[in-house]
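What follows is the content of upload.csv (CSV, C-alpha atoms).
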```
chain,number,residue,atom,x,y,z
A,1,MET,CA,-106.6,-134.9,200.8
A,2,ALA,CA,-103.1,-136.0,201.2
A,3,ASP,CA,-102.4,-138.5,204.0
A,4,LYS,CA,-98.9,-138.5,205.6
A,5,SER,CA,-97.4,-141.4,207.5
A,6,LYS,CA,-94.0,-142.0,209.0
A,7,SER,CA,-91.9,-145.1,209.2
A,8,PHE,CA,-88.4,-145.8,210.3
A,9,SER,CA,-86.3,-148.3,208.4
A,10,PRO,CA,-83.9,-150.2,210.7
A,11,GLN,CA,-82.0,-151.6,207.7
A,12,THR,CA,-81.0,-148.2,206.4
A,13,GLY,CA,-81.2,-146.1,209.5
A,14,ARG,CA,-83.3,-143.4,207.7
A,15,LEU,CA,-86.6,-141.8,208.5
A,16,ASN,CA,-89.1,-142.4,205.7
A,17,LEU,CA,-92.1,-140.1,205.2
A,18,LEU,CA,-95.0,-141.4,203.1
A,19,ILE,CA,-97.2,-138.8,201.5
A,20,MET,CA,-100.4,-140.1,200.0
A,21,LYS,CA,-102.3,-137.7,197.8
A,22,SER,CA,-106.1,-137.7,197.2
A,23,LYS,CA,-105.8,-139.4,193.8
A,24,GLY,CA,-103.9,-142.4,195.3
A,25,GLU,CA,-100.4,-141.3,194.4
A,26,VAL,CA,-97.8,-142.0,197.1
A,27,THR,CA,-94.6,-140.0,197.5
A,28,THR,CA,-91.8,-141.2,199.7
A,29,LEU,CA,-89.5,-138.7,201.5
A,30,SER,CA,-86.4,-140.2,203.1
A,31,VAL,CA,-84.5,-138.2,205.7
A,32,SER,CA,-81.2,-139.1,207.3
A,33,PRO,CA,-80.9,-138.9,211.1
A,34,VAL,CA,-77.5,-137.2,210.6
A,35,MET,CA,-79.1,-134.4,208.6
A,36,LEU,CA,-81.7,-134.0,211.4
A,37,VAL,CA,-78.9,-133.7,214.0
A,38,VAL,CA,-77.0,-131.2,211.8
A,39,ALA,CA,-80.1,-129.1,211.3
A,40,LEU,CA,-80.8,-129.1,215.0
A,41,LEU,CA,-77.2,-128.1,215.9
A,42,PHE,CA,-77.2,-125.4,213.3
A,43,THR,CA,-80.5,-124.0,214.8
A,44,ILE,CA,-79.1,-124.1,218.3
A,45,ILE,CA,-75.9,-122.4,217.3
A,46,PHE,CA,-77.7,-119.7,215.2
A,47,ILE,CA,-80.0,-118.8,218.2
A,48,ALA,CA,-77.1,-118.7,220.6
A,49,VAL,CA,-75.0,-116.4,218.3
A,50,SER,CA,-78.1,-114.2,217.7
A,51,VAL,CA,-78.6,-113.7,221.4
A,52,VAL,CA,-74.9,-112.8,221.9
A,53,VAL,CA,-74.9,-110.3,219.0
A,54,ILE,CA,-78.1,-108.6,220.2
A,55,ASN,CA,-76.8,-108.4,223.8
A,56,LYS,CA,-73.5,-106.9,222.5
A,57,TYR,CA,-75.4,-104.4,220.4
A,58,PHE,CA,-77.4,-103.1,223.4
A,59,VAL,CA,-74.4,-103.0,225.6
A,60,LEU,CA,-72.4,-100.9,223.1
A,61,TYR,CA,-75.4,-98.7,222.4
A,62,PHE,CA,-75.8,-97.7,226.1
A,63,ASP,CA,-72.0,-97.3,226.4
A,64,HIS,CA,-72.1,-94.9,223.4
A,65,GLU,CA,-74.9,-92.9,225.0
A,66,GLU,CA,-73.0,-92.7,228.2
A,67,LEU,CA,-69.8,-91.5,226.4
A,68,VAL,CA,-71.8,-88.8,224.6
A,69,ALA,CA,-73.3,-87.5,227.8
A,70,THR,CA,-69.8,-87.5,229.5
A,71,HIS,CA,-68.3,-85.7,226.5
A,72,HIS,CA,-71.0,-83.0,226.7
A,73,VAL,CA,-70.4,-82.4,230.4
A,74,THR,CA,-66.7,-82.3,229.9
A,75,ALA,CA,-67.0,-79.8,227.0
A,76,GLN,CA,-69.2,-77.5,229.2
A,77,GLU,CA,-66.7,-77.7,232.0
A,78,LEU,CA,-63.8,-76.8,229.6
A,79,HIS,CA,-65.9,-74.0,228.2
A,80,ARG,CA,-66.4,-72.6,231.8
A,81,LEU,CA,-62.7,-72.9,232.5
A,82,GLN,CA,-61.9,-71.1,229.2
A,83,SER,CA,-64.2,-68.2,230.1
A,84,GLU,CA,-62.6,-67.8,233.5
A,85,PHE,CA,-59.1,-67.9,232.1
A,86,SER,CA,-60.0,-65.4,229.4
A,87,TYR,CA,-61.6,-63.1,232.0
A,88,GLN,CA,-58.5,-63.3,234.3
A,89,SER,CA,-56.2,-62.7,231.3
A,90,ARG,CA,-58.0,-59.5,230.4
A,91,ILE,CA,-57.8,-58.3,234.0
A,92,VAL,CA,-54.0,-58.9,234.0
A,93,LEU,CA,-53.6,-57.1,230.6
A,94,ASP,CA,-55.6,-54.1,231.9
A,95,TYR,CA,-53.7,-54.1,235.1
A,96,ASN,CA,-50.4,-54.0,233.2
A,97,LYS,CA,-51.7,-51.1,231.1
A,98,ILE,CA,-52.5,-49.1,234.3
A,99,VAL,CA,-49.1,-49.9,235.9
A,100,ASN,CA,-47.2,-48.9,232.7
A,101,ALA,CA,-49.2,-45.6,232.5
A,102,MET,CA,-48.4,-44.8,236.1
A,103,ASN,CA,-44.7,-45.7,235.6
A,104,ARG,CA,-44.5,-43.3,232.6
A,105,ALA,CA,-46.0,-40.4,234.6
A,106,ASP,CA,-43.6,-37.9,236.2
A,107,PRO,CA,-44.6,-37.4,239.9
A,108,GLN,CA,-42.8,-34.0,240.0
A,109,SER,CA,-44.7,-32.6,237.0
A,110,GLY,CA,-48.0,-32.3,238.7
A,111,GLU,CA,-49.7,-33.7,235.6
A,112,ASP,CA,-52.6,-36.1,236.0
A,113,VAL,CA,-52.0,-39.7,235.1
A,114,THR,CA,-54.2,-40.9,232.2
A,115,ILE,CA,-55.4,-44.4,232.8
A,116,PRO,CA,-56.3,-46.3,229.7
A,117,ASP,CA,-59.9,-47.4,229.3
A,118,SER,CA,-60.1,-51.0,230.3
A,119,GLY,CA,-63.5,-51.6,228.7
A,120,GLU,CA,-66.1,-53.9,230.0
A,121,LEU,CA,-64.5,-56.7,232.0
A,122,ALA,CA,-66.8,-59.6,231.4
A,123,PRO,CA,-66.2,-63.4,231.0
A,124,ALA,CA,-65.6,-64.2,227.4
A,125,GLU,CA,-67.9,-66.7,225.7
A,126,GLY,CA,-65.5,-69.2,224.2
A,127,PRO,CA,-64.7,-72.9,223.6
A,128,PRO,CA,-62.0,-74.8,225.7
A,129,THR,CA,-59.0,-73.0,224.2
A,130,LEU,CA,-56.4,-71.3,226.3
A,131,THR,CA,-55.7,-67.7,225.2
A,132,ALA,CA,-52.6,-65.9,226.4
A,133,PRO,CA,-53.2,-62.3,227.8
A,134,GLU,CA,-51.2,-60.7,225.0
A,135,ALA,CA,-53.5,-62.4,222.4
A,136,ALA,CA,-56.5,-60.5,223.6
A,137,ALA,CA,-57.8,-58.2,220.9
A,138,SER,CA,-61.0,-56.4,219.9
A,139,VAL,CA,-62.7,-58.1,217.0
A,140,SER,CA,-65.6,-56.0,215.8
A,141,THR,CA,-66.1,-57.3,212.2
A,142,LEU,CA,-66.0,-60.6,210.3
A,143,ASP,CA,-62.9,-59.4,208.5
A,144,ASP,CA,-61.2,-58.6,211.8
A,145,TRP,CA,-61.8,-62.2,213.0
A,146,ALA,CA,-60.7,-63.7,209.7
A,147,ALA,CA,-57.5,-61.6,209.9
A,148,LEU,CA,-56.5,-63.5,213.1
A,149,PHE,CA,-55.6,-66.5,210.9
A,150,PRO,CA,-53.1,-66.8,208.0
A,151,ASN,CA,-54.4,-66.7,204.5
A,152,PRO,CA,-54.5,-70.0,202.6
A,153,SER,CA,-51.5,-70.9,200.5
A,154,THR,CA,-51.4,-70.5,196.8
A,155,PRO,CA,-52.3,-73.0,195.4
A,156,PRO,CA,-54.2,-74.1,198.5
A,157,GLU,CA,-53.7,-77.5,200.0
A,158,GLN,CA,-57.5,-78.0,199.5
A,159,ARG,CA,-59.8,-76.2,197.1
A,160,LEU,CA,-63.0,-75.7,199.1
A,161,ASN,CA,-65.9,-73.4,198.5
A,162,ILE,CA,-69.2,-72.4,200.2
A,163,GLU,CA,-72.5,-72.6,198.2
A,164,GLU,CA,-76.2,-72.0,199.0
A,165,LEU,CA,-76.0,-70.5,202.5
A,166,ARG,CA,-79.6,-70.6,203.8
A,167,ILE,CA,-80.8,-68.9,207.0
A,168,SER,CA,-84.1,-69.5,208.7
A,169,GLY,CA,-84.3,-67.8,212.1
A,170,ARG,CA,-81.5,-69.4,214.1
A,171,ASN,CA,-81.1,-72.3,211.7
A,172,PHE,CA,-78.5,-72.3,209.0
A,173,SER,CA,-77.3,-74.7,206.3
A,174,PHE,CA,-74.8,-74.5,203.4
A,175,GLN,CA,-73.0,-76.8,201.0
A,176,LEU,CA,-69.2,-77.3,201.5
A,177,VAL,CA,-67.8,-78.2,198.1
A,178,ASN,CA,-64.5,-79.8,197.1
A,179,GLU,CA,-63.5,-78.1,193.9
A,180,SER,CA,-60.2,-79.9,193.3
A,181,ASN,CA,-61.6,-82.5,190.9
A,182,ASP,CA,-58.6,-84.7,191.5
A,183,GLY,CA,-60.4,-87.5,193.3
A,184,LYS,CA,-58.7,-86.7,196.6
A,185,VAL,CA,-60.6,-86.6,199.8
A,186,ASP,CA,-60.4,-83.3,201.8
A,187,GLN,CA,-60.5,-83.6,205.5
A,188,GLY,CA,-60.6,-81.0,208.3
A,189,ARG,CA,-62.8,-78.8,210.5
A,190,LEU,CA,-64.6,-75.5,210.3
A,191,LEU,CA,-65.3,-72.5,212.5
A,192,MET,CA,-68.0,-69.9,211.7
A,193,VAL,CA,-68.9,-66.4,212.8
A,194,PHE,CA,-72.3,-65.0,211.9
A,195,LEU,CA,-73.2,-61.3,211.7
A,196,ALA,CA,-76.6,-60.5,213.1
A,197,GLN,CA,-78.3,-57.1,212.7
A,198,ASP,CA,-81.5,-55.5,214.0
A,199,GLU,CA,-83.8,-52.9,212.3
A,200,ARG,CA,-81.7,-50.1,213.8
A,201,GLY,CA,-78.5,-51.3,212.3
A,202,SER,CA,-77.0,-52.6,215.5
A,203,SER,CA,-74.9,-55.6,214.9
A,204,VAL,CA,-73.3,-58.4,216.9
A,205,LEU,CA,-70.9,-61.2,216.0
A,206,LEU,CA,-72.1,-64.8,216.9
A,207,PRO,CA,-69.5,-67.6,216.8
A,208,ASP,CA,-70.6,-71.2,216.0
A,209,PRO,CA,-69.7,-73.3,217.8
A,210,GLN,CA,-69.1,-71.1,220.9
A,211,PHE,CA,-65.4,-69.9,221.0
A,212,ASP,CA,-63.4,-66.8,221.8
A,213,ILE,CA,-63.5,-64.8,218.6
A,214,ASN,CA,-60.6,-62.6,220.0
A,215,SER,CA,-58.2,-65.6,220.0
A,216,PRO,CA,-56.1,-66.6,217.0
A,217,GLU,CA,-55.6,-70.0,218.7
A,218,ALA,CA,-59.3,-71.0,218.5
A,219,ASN,CA,-59.8,-74.7,218.9
A,220,PHE,CA,-61.0,-76.0,215.5
A,221,ASN,CA,-61.6,-79.5,217.0
A,222,ASN,CA,-64.9,-78.2,218.4
A,223,GLY,CA,-66.2,-77.2,214.9
A,224,PRO,CA,-68.0,-79.4,212.4
A,225,GLY,CA,-65.7,-81.8,210.6
A,226,TYR,CA,-65.7,-82.6,206.9
A,227,ASN,CA,-64.4,-85.7,205.0
A,228,ILE,CA,-65.5,-85.1,201.4
A,229,ARG,CA,-64.6,-86.1,197.9
A,230,ASN,CA,-67.4,-83.9,196.3
A,231,SER,CA,-69.5,-82.0,198.8
A,232,LYS,CA,-71.2,-82.1,202.2
A,233,GLN,CA,-74.1,-80.2,203.7
A,234,ILE,CA,-73.2,-78.4,207.0
A,235,ALA,CA,-76.2,-77.4,209.2
A,236,GLY,CA,-76.8,-76.2,212.7
A,237,GLN,CA,-78.3,-73.5,214.9
A,238,VAL,CA,-76.7,-70.2,216.0
A,239,ASP,CA,-76.9,-69.5,219.7
A,240,ASN,CA,-77.7,-66.1,221.4
A,241,VAL,CA,-79.3,-64.4,218.4
A,242,PRO,CA,-80.7,-61.1,219.9
A,243,PRO,CA,-84.5,-60.7,219.7
A,244,GLY,CA,-85.5,-58.8,216.6
A,245,SER,CA,-82.2,-59.5,214.8
A,246,ARG,CA,-81.5,-61.5,211.7
A,247,ILE,CA,-78.4,-63.1,210.4
A,248,VAL,CA,-77.1,-61.2,207.3
A,249,GLU,CA,-73.6,-62.6,206.7
A,250,MET,CA,-71.3,-65.4,207.7
A,251,MET,CA,-67.5,-65.9,207.7
A,252,VAL,CA,-66.0,-69.4,207.5
A,253,VAL,CA,-62.5,-70.4,208.3
A,254,ALA,CA,-61.5,-74.0,207.5
A,255,LYS,CA,-58.4,-75.9,208.7
A,256,SER,CA,-57.2,-79.2,207.2
A,257,ASN,CA,-56.2,-82.1,209.3
A,258,SER,CA,-52.6,-81.0,208.8
A,259,GLY,CA,-53.3,-77.8,210.7
A,260,ARG,CA,-53.2,-75.4,207.7
A,261,VAL,CA,-55.8,-72.8,207.0
A,262,VAL,CA,-57.4,-73.8,203.6
A,263,LEU,CA,-60.4,-71.5,203.4
A,264,LYS,CA,-61.4,-68.1,204.5
A,265,LYS,CA,-64.7,-66.9,202.9
A,266,LYS,CA,-67.5,-64.4,203.7
A,267,VAL,CA,-70.9,-65.4,202.4
A,268,LYS,CA,-74.4,-63.8,202.4
A,269,PRO,CA,-77.5,-65.9,202.5
A,270,VAL,CA,-79.3,-66.8,199.3
A,271,GLY,CA,-82.9,-65.9,198.7
```
Can you dump the structure from the file as structure tokens?
Amino acid sequence: MADKSKSFSPQTGRLNLLIMKSKGEVTTLSVSPVMLVVALLFTIIFIAVSVVVINKYFVLYFDHEELVATHHVTAQELHRLQSEFSYQSRIVLDYNKIVNAMNRADPQSGEDVTIPDSGELAPAEGPPTLTAPEAAASVSTLDDWAALFPNPSTPPEQRLNIEELRISGRNFSFQLVNESNDGKVDQGRLLMVFLAQDERGSSVLLPDPQFDINSPEANFNNGPGYNIRNSKQIAGQVDNVPPGSRIVEMMVVAKSNSGRVVLKKKVKPVG
């Protein structure tokens, strides 16, 4: 077996390590005290920096989680305010219709005043986007909703396409493809409306994310973003799908970061 012994040479100021092997061979290893001090300092500095980095990581991680929770609460509050504003806007619009109808009637003619049907006054489900009363409309089809937005320019600012829409219950996914082939990165956001039908043929429009489908000023900032050179998979869940209904179609409207509509497309699920 190898035998190790240490000695310190006062003449050279170096630490000598003698390693004797079982066959009688002796190996000398000489270490400078300066190197030992440098190695010790490096170890101390490395440990200190590692502790600081790990501490910063955990601080930033918990700050991020807190910001995410705050953003979620704020988005819900804005959604509530939007619903109230849209509801009040519809009341004002219906009230104006009633007043105009009464003003048009001749009190001396004895004819009954026809009051327009105000429809069902219910808070609108929508994202935090303010909608003027005159913008209220009745959207009943995917094409009606898409018609609220201008058509993409020719040629479009971005050449986007939707491929492989897949639906499984409330879950959906599709591939957003950049077809420009010019190496440029396309950036923007999407809004989607899904058409769900039951066995009797009754249908309902379901926006994703939640926003007022009657508003041409829908807030695209709440929709999923894209930053693609080739393609990106978009996936999510559709809220409020009625029991016994299935999603049969989807309409997508995309806006670039410059604010222009660059895609309007209606897609059916594959398979």
- Query: How many Å lie between atom CA of Pro33 of chain A and atom CA of Val52 of chain A, rounded to one decimal?
  - Reply: 28.9 Å
- Item | Contact residues around segment 173-185 of chain A with only C-alpha atoms at 12 Å, ignoring same-chain residues under 4 positions, as JSON, numbers by chain | {"A": [155, 156, 157, 158, 159, 160, 161, 162, 163, 164, 165, 166, 167, 168, 169, 189, 190, 192, 224, 225, 226, 227, 228, 229, 230, 231, 232, 233, 234, 235, 236, 237, 238, 250, 252, 253, 254, 256, 257, 262, 263, 265, 267, 268, 269, 270]}
- Correct to one decimal, the distance atom CA of Ser153 of chain A-atom CA of Val248 of chain A is 28.2 Å
- Residue with smallest distance to Pro209 of chain A - pool A:Asn240, A:Asn55, A:Ser50, A:Gln197, counting only C-alpha atoms: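 Of all the options, A:Asn240 lies closest to Pro209 of chain A.
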- Task: Please indicate the distance in Å from atom CA of Leu206 of chain A to atom CA of Asn219 of chain A, rounded to one decimal place.
- Result: 15.9 Å
